[in-house]
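> There's a structure below that I have some questions on.
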Amino acid sequence: MPERRTVALVTLGCARNEVDSEELAGRLEADGWQLVESADEADVAVVNTCGFVEAAKKDSVDALLEANDLKGHGRTQAVVAVGCMAERYGKELAEALPEADGVLGFDDYADISDRLQTILNGGIHASHTPRDRRKLLPISPAERQESAAGVALPGHAPVDLPEGLAPASGPRAPLRRRLDGAPVASVKLASGCDRRCSFCAIPSFRGSFISRRPSDVLNETRWLAEQGVKEVMLVSENNTSYGKDLGDIRLLESLLPELAEVEGLERVRVSYLQPAEMRPGLIDVLTSTPKVVPYFDLSFQHSAPDVLRAMRRFGDTDRFLELLDTIRSKAPQAGVRSNFIVGFPGESEHDLAELERFLTGARLDAIGVFGYSDEDGTEAATYENKLPEDLVAERLARVSRLAEELVSQRAEERVGESVRVLVESVDEVEGVYGRAAHQAPETDGQVLLTSGEGLEVGRMVEAKVVGTEGVDLVAEPLERSNGWSEETGR
């Protein structure tokens, strides 16, 4: 019997990329490939790249080069680039990085097994020519679902698959294979984006916004719960638009309670929300539905009106603060995080002071700050009033210092609160770490539990916050006289 072909997937970038990698893993495993964790154990190393900003692109190139260094020193015979950077640059990336044996776009995902086999056999698969993926679907959202069948949409593989193609874990199994045993997993709600922010290139290579069917989202969530997942995080480029192409812009409000009822699931989290699209009904569902955490990942980007207009976005400091007041009036302990760009073309000292005013009043739990840099093909790259690089760097450092101070203060405000912690790591040396409802995976802080007795990964623990370490919390598990409840983990 011939030795099975082995493949390793190295994932960079956001949670959406992680879902795409697990779909690729499902496709490969269904076609007989053996998935391994480390690139040096694989015949083919597949690097799922990120093409968002320069730092992410550099990390992707470094990962490809690192995998290439394994060739000739072990099992690895080929290195292949997939993902956003590969889709965005295609032939250009292949020419600039000959170390990659293949550069595959989204259109190659359905045939990923054949593509890798061709490359492994020494053949050449022509790198794709990048195109504006916004033009692949109709302009009218209402017409997109009928046209979607002929368009590659990573992470949208159907849940009801032909026999022999889906993993053998039940009739609801999606074309997806988990790459780790973490108690949290992302579920793709939609792909693409219809917004035209002047600094962002994502719509050009991810395409126009298109929702997944609610039944697919629900069934995939059930499958994940069967795999032991306790928390699902709904991801897309813009979750607040979910359902608009299905004829119901309020579809998320009706889907969330259904997801919360999935057996075995403890927590549902929604990410990537647009402030300008937040509806009162969505806020109500996010703050009042059991198991749906009151967590608001709001894409503010800035708060000065002139900068926001140049970004082709909406809002201002006072309106954003009013939105946060509305949220906290319904859920005082709600978690809020956001990202911001400083040094945007034309940003004045007054604009920066306005952003600092917002940050100081917003009481955000997590803040990401980025210095502006031109992105290929974006409107902002053509603006003439660019700030000098040293001034952008100075403002980035200034706002980053403020952000670090503010999130530490916000963490201190939570001392004395009771939190439900999902245990994610248990180590005799490092201790027991998890996350509370206001903390999303990777991007936000975490909770160090003062006692790990009887705890295991995936357990939900009720604890009291007794201290902080920067943005992180220190919490003491609350024991009851009859001990831990095996059913609830409390």
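Identifiers in the structure tokens: chain A, B, ... in order shown; residue index from 1 per chain; ligand index from 1 in order shown.
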For stretch 435-440 of chain A, find every residue with an atom within 8 Å (counting only C-alpha atoms), except residues of its own chain fewer than 2 positions away, and show them as a list of chain:residue names.
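Returned residues: A:Arg269, A:Val293, A:Pro294, A:Tyr295, A:Gln333, A:Ala334, A:Gly335, A:Val336, A:Asp365, A:Val419, A:Arg420, A:Val421, A:Leu422, A:Val423, A:Glu424, A:Tyr433, A:Glu442, A:Thr443, A:Asp444, A:Gly445, A:Gln446, A:Val447.
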> Excluding A:Asn68 and any residue of its chain fewer than 6 positions from it, enumerate the residues within 10 Å of it, using only C-alpha atoms, and give them as a JSON list (two decimals) with N, CA and C atoms, in the first residue's frame.

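Wrote part_18.json, looks like this:
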```
[["chain", "number", "residue", "atom", "x", "y", "z"],
["A", 39, "ALA", "N", 5.08, 21.77, 9.06],
["A", 39, "ALA", "CA", 5.49, 21.78, 7.66],
["A", 39, "ALA", "C", 6.63, 20.81, 7.38],
["A", 40, "ASP", "N", 7.52, 20.59, 8.36],
["A", 40, "ASP", "CA", 8.65, 19.69, 8.10],
["A", 40, "ASP", "C", 8.24, 18.23, 8.09],
["A", 45, "ALA", "N", 3.76, 21.95, 1.95],
["A", 45, "ALA", "CA", 3.39, 22.96, 2.94],
["A", 45, "ALA", "C", 2.54, 24.02, 2.24],
["A", 62, "ASP", "N", 7.59, 35.83, 4.85],
["A", 62, "ASP", "CA", 8.52, 35.16, 5.77],
["A", 62, "ASP", "C", 8.13, 33.71, 6.00],
["A", 76, "THR", "N", 9.67, 17.77, 3.26],
["A", 76, "THR", "CA", 9.01, 18.79, 2.46],
["A", 76, "THR", "C", 9.58, 18.87, 1.05],
["A", 77, "GLN", "N", 8.68, 18.74, 0.08],
["A", 77, "GLN", "CA", 9.10, 18.80, -1.32],
["A", 77, "GLN", "C", 8.57, 20.03, -2.05],
["A", 78, "ALA", "N", 7.49, 20.62, -1.55],
["A", 78, "ALA", "CA", 6.89, 21.76, -2.24],
["A", 78, "ALA", "C", 6.25, 22.71, -1.25],
["A", 79, "VAL", "N", 6.26, 23.99, -1.62],
["A", 79, "VAL", "CA", 5.64, 25.05, -0.82],
["A", 79, "VAL", "C", 4.67, 25.80, -1.72],
["A", 80, "VAL", "N", 3.43, 25.93, -1.26],
["A", 80, "VAL", "CA", 2.38, 26.54, -2.08],
["A", 80, "VAL", "C", 1.72, 27.68, -1.31],
["A", 99, "GLU", "N", 10.64, 31.07, -4.77],
["A", 99, "GLU", "CA", 10.74, 29.98, -3.79],
["A", 99, "GLU", "C", 9.42, 29.23, -3.63],
["A", 100, "ALA", "N", 8.29, 29.90, -3.94],
["A", 100, "ALA", "CA", 6.99, 29.25, -3.88],
["A", 100, "ALA", "C", 6.80, 28.40, -5.14],
["A", 101, "ASP", "N", 6.47, 27.14, -4.95],
["A", 101, "ASP", "CA", 6.28, 26.24, -6.08],
["A", 101, "ASP", "C", 4.93, 26.42, -6.75]]
```
> Which polymer residues have any atom within 10 Å of an atom of A:Glu92, counting only C-alpha atoms, with same-chain residues fewer than 4 positions away left out, as a list of chain:residue names?
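Contacts, with the query itself left out: A:Ala86, A:Arg88, A:Ala96, A:Leu97, A:Val103, A:Ser127, A:His128, A:Thr129, A:Pro130.
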> Can you pull out every residue within 12 Å of stretch 248-260 of chain A, counting only C-alpha atoms, but drop anything in the same chain fewer than 4 positions away, and send it as a VMD selection string?
chain A and resid 141 to 142 187 189 to 190 211 to 225 230 to 234 238 to 244 264 to 270 273 277 to 293
> Can those selected residues be exported to a file as a PDB file, in the first residue's frame so that it contains C-alpha atoms?

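For reference, out-v8.pdb as written:
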```pdb
ATOM      1  CA  PRO A 141     -27.592  42.185  -3.626  1.00  0.00           C
ATOM      2  CA  ALA A 142     -30.973  40.578  -4.319  1.00  0.00           C
ATOM      3  CA  VAL A 187     -18.050  30.194  11.604  1.00  0.00           C
ATOM      4  CA  LEU A 189     -21.437  34.196   8.211  1.00  0.00           C
ATOM      5  CA  ALA A 190     -20.730  35.882   4.883  1.00  0.00           C
ATOM      6  CA  SER A 211     -24.434  35.815   2.921  1.00  0.00           C
ATOM      7  CA  ARG A 212     -24.367  32.128   3.692  1.00  0.00           C
ATOM      8  CA  ARG A 213     -27.710  30.412   4.073  1.00  0.00           C
ATOM      9  CA  PRO A 214     -28.893  30.437   7.714  1.00  0.00           C
ATOM     10  CA  SER A 215     -29.371  26.655   7.546  1.00  0.00           C
ATOM     11  CA  ASP A 216     -25.715  26.167   6.589  1.00  0.00           C
ATOM     12  CA  VAL A 217     -24.543  28.403   9.425  1.00  0.00           C
ATOM     13  CA  LEU A 218     -26.789  26.601  11.901  1.00  0.00           C
ATOM     14  CA  ASN A 219     -25.823  23.102  10.763  1.00  0.00           C
ATOM     15  CA  GLU A 220     -22.121  23.894  10.761  1.00  0.00           C
ATOM     16  CA  THR A 221     -22.471  25.237  14.292  1.00  0.00           C
ATOM     17  CA  ARG A 222     -24.201  21.993  15.337  1.00  0.00           C
ATOM     18  CA  TRP A 223     -21.371  20.001  13.800  1.00  0.00           C
ATOM     19  CA  LEU A 224     -18.762  22.065  15.651  1.00  0.00           C
ATOM     20  CA  ALA A 225     -20.621  21.544  18.926  1.00  0.00           C
ATOM     21  CA  LYS A 230     -18.054  25.461  23.353  1.00  0.00           C
ATOM     22  CA  GLU A 231     -17.890  28.879  21.702  1.00  0.00           C
ATOM     23  CA  VAL A 232     -18.492  29.909  18.105  1.00  0.00           C
ATOM     24  CA  MET A 233     -17.479  33.280  16.733  1.00  0.00           C
ATOM     25  CA  LEU A 234     -19.385  34.528  13.697  1.00  0.00           C
ATOM     26  CA  ASN A 238     -19.260  42.965   7.836  1.00  0.00           C
ATOM     27  CA  ASN A 239     -21.699  40.993   9.979  1.00  0.00           C
ATOM     28  CA  THR A 240     -24.169  43.871  10.263  1.00  0.00           C
ATOM     29  CA  SER A 241     -25.015  43.429   6.551  1.00  0.00           C
ATOM     30  CA  TYR A 242     -25.920  39.764   6.971  1.00  0.00           C
ATOM     31  CA  GLY A 243     -29.127  38.844   5.181  1.00  0.00           C
ATOM     32  CA  LYS A 244     -29.448  41.875   2.923  1.00  0.00           C
ATOM     33  CA  GLY A 264     -23.510  21.644  23.850  1.00  0.00           C
ATOM     34  CA  LEU A 265     -22.749  25.241  22.926  1.00  0.00           C
ATOM     35  CA  GLU A 266     -22.030  27.655  25.769  1.00  0.00           C
ATOM     36  CA  ARG A 267     -21.286  30.907  23.991  1.00  0.00           C
ATOM     37  CA  VAL A 268     -22.021  32.682  20.700  1.00  0.00           C
ATOM     38  CA  ARG A 269     -19.960  35.718  19.743  1.00  0.00           C
ATOM     39  CA  VAL A 270     -20.424  38.134  16.848  1.00  0.00           C
ATOM     40  CA  LEU A 273     -19.768  45.134  13.277  1.00  0.00           C
ATOM     41  CA  GLU A 277     -25.238  49.909  10.474  1.00  0.00           C
ATOM     42  CA  MET A 278     -26.004  49.071  14.103  1.00  0.00           C
ATOM     43  CA  ARG A 279     -29.760  48.645  14.557  1.00  0.00           C
ATOM     44  CA  PRO A 280     -31.661  48.931  17.852  1.00  0.00           C
ATOM     45  CA  GLY A 281     -33.039  45.417  17.331  1.00  0.00           C
ATOM     46  CA  LEU A 282     -29.548  43.961  16.855  1.00  0.00           C
ATOM     47  CA  ILE A 283     -28.308  45.678  20.000  1.00  0.00           C
ATOM     48  CA  ASP A 284     -31.292  44.232  21.890  1.00  0.00           C
ATOM     49  CA  VAL A 285     -30.555  40.680  20.718  1.00  0.00           C
ATOM     50  CA  LEU A 286     -26.829  40.974  21.453  1.00  0.00           C
ATOM     51  CA  THR A 287     -27.492  42.240  24.976  1.00  0.00           C
ATOM     52  CA  SER A 288     -30.442  40.071  26.027  1.00  0.00           C
ATOM     53  CA  THR A 289     -30.151  36.609  24.416  1.00  0.00           C
ATOM     54  CA  PRO A 290     -28.866  33.887  26.778  1.00  0.00           C
ATOM     55  CA  LYS A 291     -25.510  32.457  25.576  1.00  0.00           C
ATOM     56  CA  VAL A 292     -25.079  35.293  23.048  1.00  0.00           C
ATOM     57  CA  VAL A 293     -22.385  37.399  24.671  1.00  0.00           C
TER      58      VAL A 293
END
```
> Find the residues near A:Gly452: any atom within 10 Å, counting only C-alpha atoms, skip ones fewer than 2 places away on the same chain, and give them as a short mmCIF file (atom, residue, chain, number, x, y, z; two decimals) with all heavy atoms, in the first residue's frame.

```cif
data_model
loop_
_atom_site.label_atom_id
_atom_site.label_comp_id
_atom_site.auth_asym_id
_atom_site.auth_seq_id
_atom_site.Cartn_x
_atom_site.Cartn_y
_atom_site.Cartn_z
N VAL A 423 -12.23 28.08 29.87
CA VAL A 423 -10.84 27.66 30.05
C VAL A 423 -10.25 27.22 28.71
O VAL A 423 -10.82 26.37 28.02
CB VAL A 423 -10.75 26.51 31.07
CG1 VAL A 423 -9.30 26.02 31.21
CG2 VAL A 423 -11.28 26.97 32.43
N VAL A 426 -4.43 24.84 30.23
CA VAL A 426 -4.11 24.41 31.59
C VAL A 426 -2.68 23.89 31.59
O VAL A 426 -2.36 22.93 30.88
CB VAL A 426 -5.07 23.30 32.07
CG1 VAL A 426 -4.69 22.84 33.48
CG2 VAL A 426 -6.52 23.79 32.04
N ASP A 427 -1.82 24.55 32.35
CA ASP A 427 -0.41 24.18 32.38
C ASP A 427 0.10 24.29 33.81
O ASP A 427 -0.16 25.27 34.50
CB ASP A 427 0.40 25.10 31.45
CG ASP A 427 1.85 24.67 31.32
OD1 ASP A 427 2.65 25.05 32.19
OD2 ASP A 427 2.16 23.97 30.35
N GLU A 428 0.83 23.28 34.25
CA GLU A 428 1.32 23.27 35.63
C GLU A 428 2.25 24.43 35.92
O GLU A 428 2.31 24.92 37.05
CB GLU A 428 2.04 21.94 35.91
CG GLU A 428 1.11 20.73 35.93
CD GLU A 428 1.85 19.47 36.31
OE1 GLU A 428 3.08 19.56 36.56
OE2 GLU A 428 1.22 18.40 36.34
N GLY A 431 0.06 28.07 34.39
CA GLY A 431 -1.19 28.32 35.06
C GLY A 431 -2.38 28.04 34.16
O GLY A 431 -2.26 27.44 33.09
N VAL A 432 -3.57 28.48 34.59
CA VAL A 432 -4.81 28.24 33.86
C VAL A 432 -5.31 29.56 33.28
O VAL A 432 -5.53 30.53 34.02
CB VAL A 432 -5.88 27.63 34.80
CG1 VAL A 432 -7.19 27.43 34.05
CG2 VAL A 432 -5.39 26.32 35.38
N TYR A 433 -5.48 29.58 31.96
CA TYR A 433 -5.93 30.79 31.27
C TYR A 433 -7.22 30.52 30.52
O TYR A 433 -7.46 29.42 30.03
CB TYR A 433 -4.86 31.28 30.28
CG TYR A 433 -3.71 31.99 30.93
CD1 TYR A 433 -2.58 31.30 31.35
CD2 TYR A 433 -3.75 33.38 31.12
CE1 TYR A 433 -1.50 31.95 31.94
CE2 TYR A 433 -2.68 34.05 31.71
CZ TYR A 433 -1.56 33.33 32.12
OH TYR A 433 -0.51 33.98 32.70
N LEU A 448 -6.38 35.06 33.85
CA LEU A 448 -5.59 34.09 34.60
C LEU A 448 -6.37 33.69 35.83
O LEU A 448 -6.73 34.55 36.65
CB LEU A 448 -4.24 34.69 35.00
CG LEU A 448 -3.41 33.87 36.00
CD1 LEU A 448 -3.00 32.53 35.40
CD2 LEU A 448 -2.18 34.66 36.46
N LEU A 449 -6.68 32.41 35.95
CA LEU A 449 -7.41 31.92 37.12
C LEU A 449 -6.43 31.58 38.23
O LEU A 449 -5.39 30.95 37.99
CB LEU A 449 -8.25 30.70 36.75
CG LEU A 449 -9.40 30.98 35.76
CD1 LEU A 449 -10.01 29.68 35.27
CD2 LEU A 449 -10.45 31.86 36.42
N THR A 450 -6.75 32.01 39.43
CA THR A 450 -5.82 31.84 40.56
C THR A 450 -5.72 30.40 41.02
O THR A 450 -4.78 30.02 41.71
CB THR A 450 -6.24 32.72 41.74
OG1 THR A 450 -7.58 32.37 42.13
CG2 THR A 450 -6.20 34.19 41.36
N GLY A 454 -9.09 20.89 39.42
CA GLY A 454 -10.26 20.27 38.82
C GLY A 454 -10.70 20.88 37.51
O GLY A 454 -11.75 20.51 36.97
N LEU A 455 -9.90 21.80 36.96
CA LEU A 455 -10.30 22.46 35.72
C LEU A 455 -9.64 21.82 34.51
O LEU A 455 -8.54 21.28 34.61
CB LEU A 455 -9.93 23.95 35.78
CG LEU A 455 -10.57 24.77 36.89
CD1 LEU A 455 -10.16 26.22 36.78
CD2 LEU A 455 -12.09 24.64 36.83
N GLU A 456 -10.32 21.88 33.38
CA GLU A 456 -9.78 21.35 32.14
C GLU A 456 -10.21 22.25 30.99
O GLU A 456 -11.15 23.05 31.12
CB GLU A 456 -10.28 19.92 31.91
CG GLU A 456 -11.79 19.81 31.87
CD GLU A 456 -12.27 18.37 31.81
OE1 GLU A 456 -11.51 17.47 32.19
OE2 GLU A 456 -13.43 18.16 31.39
N GLU A 476 -10.54 34.78 40.57
CA GLU A 476 -10.59 33.67 41.52
C GLU A 476 -11.85 32.84 41.27
O GLU A 476 -12.97 33.37 41.31
CB GLU A 476 -10.62 34.23 42.94
CG GLU A 476 -10.71 33.20 44.04
CD GLU A 476 -10.75 33.84 45.41
OE1 GLU A 476 -10.09 34.89 45.60
OE2 GLU A 476 -11.47 33.31 46.29
N PRO A 477 -11.69 31.55 40.94
CA PRO A 477 -12.87 30.70 40.71
C PRO A 477 -13.77 30.68 41.94
O PRO A 477 -13.29 30.68 43.08
CB PRO A 477 -12.27 29.32 40.43
CG PRO A 477 -10.88 29.59 39.97
CD PRO A 477 -10.42 30.80 40.73
#
```
> If we count only C-alpha atoms, what is near A:Gly51 at a cut-off of 9 Å, once residues fewer than 5 positions away on the same chain are taken out, given as a CSV table (one decimal) with C-alpha atoms, in the first residue's frame?

```csv
chain,number,residue,atom,x,y,z
A,13,GLY,CA,-4.1,36.6,9.2
A,56,ALA,CA,0.8,41.1,7.3
A,57,LYS,CA,2.2,40.7,3.8
A,60,SER,CA,3.3,35.8,4.8
A,83,GLY,CA,-5.1,33.0,0.6
A,84,CYS,CA,-5.6,36.7,0.3
A,85,MET,CA,-2.1,37.7,-0.7
A,86,ALA,CA,-1.9,34.9,-3.3
A,87,GLU,CA,-5.3,35.9,-4.7
A,88,ARG,CA,-4.5,39.6,-4.7
A,89,TYR,CA,-1.2,39.5,-6.4
A,201,ALA,CA,-8.4,46.9,-0.7
A,202,ILE,CA,-10.3,43.8,0.8
```
> List as a ChimeraX atom specification the protein and nucleic acid residues near A:Ala63, meaning an atom at most 9 Å away when only C-alpha atoms are counted, but skip any in the same chain fewer than 2 places from it.
/A:10,12,47,49,58-61,65-68
> Okay, now the selection with N, CA and C atoms, as a CSV table (one decimal), in the first residue's frame?

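Result file is again24.csv:
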```csv
chain,number,residue,atom,x,y,z
A,10,VAL,N,-0.4,26.2,7.0
A,10,VAL,CA,0.1,27.2,7.9
A,10,VAL,C,-0.8,28.4,7.6
A,12,LEU,N,-2.0,32.3,8.3
A,12,LEU,CA,-1.8,33.7,8.8
A,12,LEU,C,-3.0,34.5,8.7
A,47,VAL,N,0.7,27.5,2.6
A,47,VAL,CA,0.7,28.7,3.5
A,47,VAL,C,-0.5,29.6,3.1
A,49,THR,N,-2.0,32.8,3.1
A,49,THR,CA,-1.4,34.1,3.4
A,49,THR,C,-2.4,35.2,3.7
A,58,LYS,N,4.4,41.0,4.9
A,58,LYS,CA,5.7,40.6,5.2
A,58,LYS,C,5.7,39.3,6.0
A,59,ASP,N,4.8,39.1,6.9
A,59,ASP,CA,4.7,37.9,7.7
A,59,ASP,C,4.4,36.7,6.8
A,60,SER,N,3.6,36.9,5.7
A,60,SER,CA,3.3,35.8,4.8
A,60,SER,C,4.5,35.4,4.0
A,61,VAL,N,5.2,36.4,3.5
A,61,VAL,CA,6.4,36.1,2.7
A,61,VAL,C,7.4,35.4,3.6
A,65,LEU,N,9.1,31.7,2.9
A,65,LEU,CA,10.5,31.5,2.9
A,65,LEU,C,11.0,30.4,3.9
A,66,GLU,N,10.4,30.5,5.1
A,66,GLU,CA,10.7,29.6,6.2
A,66,GLU,C,10.3,28.2,5.8
A,67,ALA,N,9.2,28.0,5.2
A,67,ALA,CA,8.8,26.7,4.7
A,67,ALA,C,9.7,26.2,3.6
A,68,ASN,N,10.1,27.1,2.7
A,68,ASN,CA,11.0,26.8,1.6
A,68,ASN,C,12.3,26.3,2.1
```
> State, in Å with one decimal place, the distance from atom CA of A:Gly181 to atom CA of A:Arg206.
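It comes out at 28.0 Å.
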> Have a look at atom CA of A:Ser373 and atom CA of A:Arg309 and let me know their distance in Å, one decimal.
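One can read the atom CA of A:Ser373 to atom CA of A:Arg309 distance as 17.7 Å.
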> Kindly indicate which residue among A:Ile210, A:Ala173, A:Val342, A:Leu64 lies nearest to A:Glu354, using only C-alpha atoms for the distances.
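Ranking A:Ile210, A:Ala173, A:Val342, A:Leu64 by distance to A:Glu354, first place goes to A:Val342.
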> Quick one: DSSP helix (DSSP H, G or I) residues in stretch 306-339 of chain A, as a VMD selection string?
chain A and resid 306 to 310 317 to 330
> When DSSP is applied to the backbone of this structure, which of stretch 70-306 of chain A are assigned strand (DSSP E or B)? Write them out as a ChimeraX atom specification.
/A:78-82,102-103,184-188,190-191,210-211,231-235,267-270,273,292,295-298,301
> Output C-alpha atoms for every residue in the selection just made, as a PDB file, in the first residue's frame.

```pdb
ATOM      1  CA  ALA A  78       6.885  21.756  -2.242  1.00  0.00           C
ATOM      2  CA  VAL A  79       5.638  25.049  -0.821  1.00  0.00           C
ATOM      3  CA  VAL A  80       2.385  26.541  -2.076  1.00  0.00           C
ATOM      4  CA  ALA A  81       0.849  29.960  -1.388  1.00  0.00           C
ATOM      5  CA  VAL A  82      -2.915  30.362  -1.089  1.00  0.00           C
ATOM      6  CA  GLY A 102       2.735  27.392  -6.674  1.00  0.00           C
ATOM      7  CA  VAL A 103       0.550  30.460  -6.130  1.00  0.00           C
ATOM      8  CA  VAL A 184     -13.623  27.897  20.272  1.00  0.00           C
ATOM      9  CA  ALA A 185     -14.115  27.982  16.505  1.00  0.00           C
ATOM     10  CA  SER A 186     -15.085  30.576  13.943  1.00  0.00           C
ATOM     11  CA  VAL A 187     -18.050  30.194  11.604  1.00  0.00           C
ATOM     12  CA  LYS A 188     -18.202  32.228   8.420  1.00  0.00           C
ATOM     13  CA  ALA A 190     -20.730  35.882   4.883  1.00  0.00           C
ATOM     14  CA  SER A 191     -17.932  36.880   2.520  1.00  0.00           C
ATOM     15  CA  ILE A 210     -22.767  37.586  -0.010  1.00  0.00           C
ATOM     16  CA  SER A 211     -24.434  35.815   2.921  1.00  0.00           C
ATOM     17  CA  GLU A 231     -17.890  28.879  21.702  1.00  0.00           C
ATOM     18  CA  VAL A 232     -18.492  29.909  18.105  1.00  0.00           C
ATOM     19  CA  MET A 233     -17.479  33.280  16.733  1.00  0.00           C
ATOM     20  CA  LEU A 234     -19.385  34.528  13.697  1.00  0.00           C
ATOM     21  CA  VAL A 235     -17.015  36.159  11.216  1.00  0.00           C
ATOM     22  CA  ARG A 267     -21.286  30.907  23.991  1.00  0.00           C
ATOM     23  CA  VAL A 268     -22.021  32.682  20.700  1.00  0.00           C
ATOM     24  CA  ARG A 269     -19.960  35.718  19.743  1.00  0.00           C
ATOM     25  CA  VAL A 270     -20.424  38.134  16.848  1.00  0.00           C
ATOM     26  CA  LEU A 273     -19.768  45.134  13.277  1.00  0.00           C
ATOM     27  CA  VAL A 292     -25.079  35.293  23.048  1.00  0.00           C
ATOM     28  CA  TYR A 295     -19.619  41.754  22.799  1.00  0.00           C
ATOM     29  CA  PHE A 296     -19.261  44.577  20.271  1.00  0.00           C
ATOM     30  CA  ASP A 297     -16.362  44.501  17.824  1.00  0.00           C
ATOM     31  CA  LEU A 298     -17.104  47.903  16.294  1.00  0.00           C
ATOM     32  CA  GLN A 301     -11.367  53.534  12.513  1.00  0.00           C
TER      33      GLN A 301
END
```
> Using only C-alpha atoms, pick whichever of A:Ser113, A:Ser400, A:Ser38, A:Thr6 has the shortest atom-to-atom distance to A:Leu70.
A:Ser38
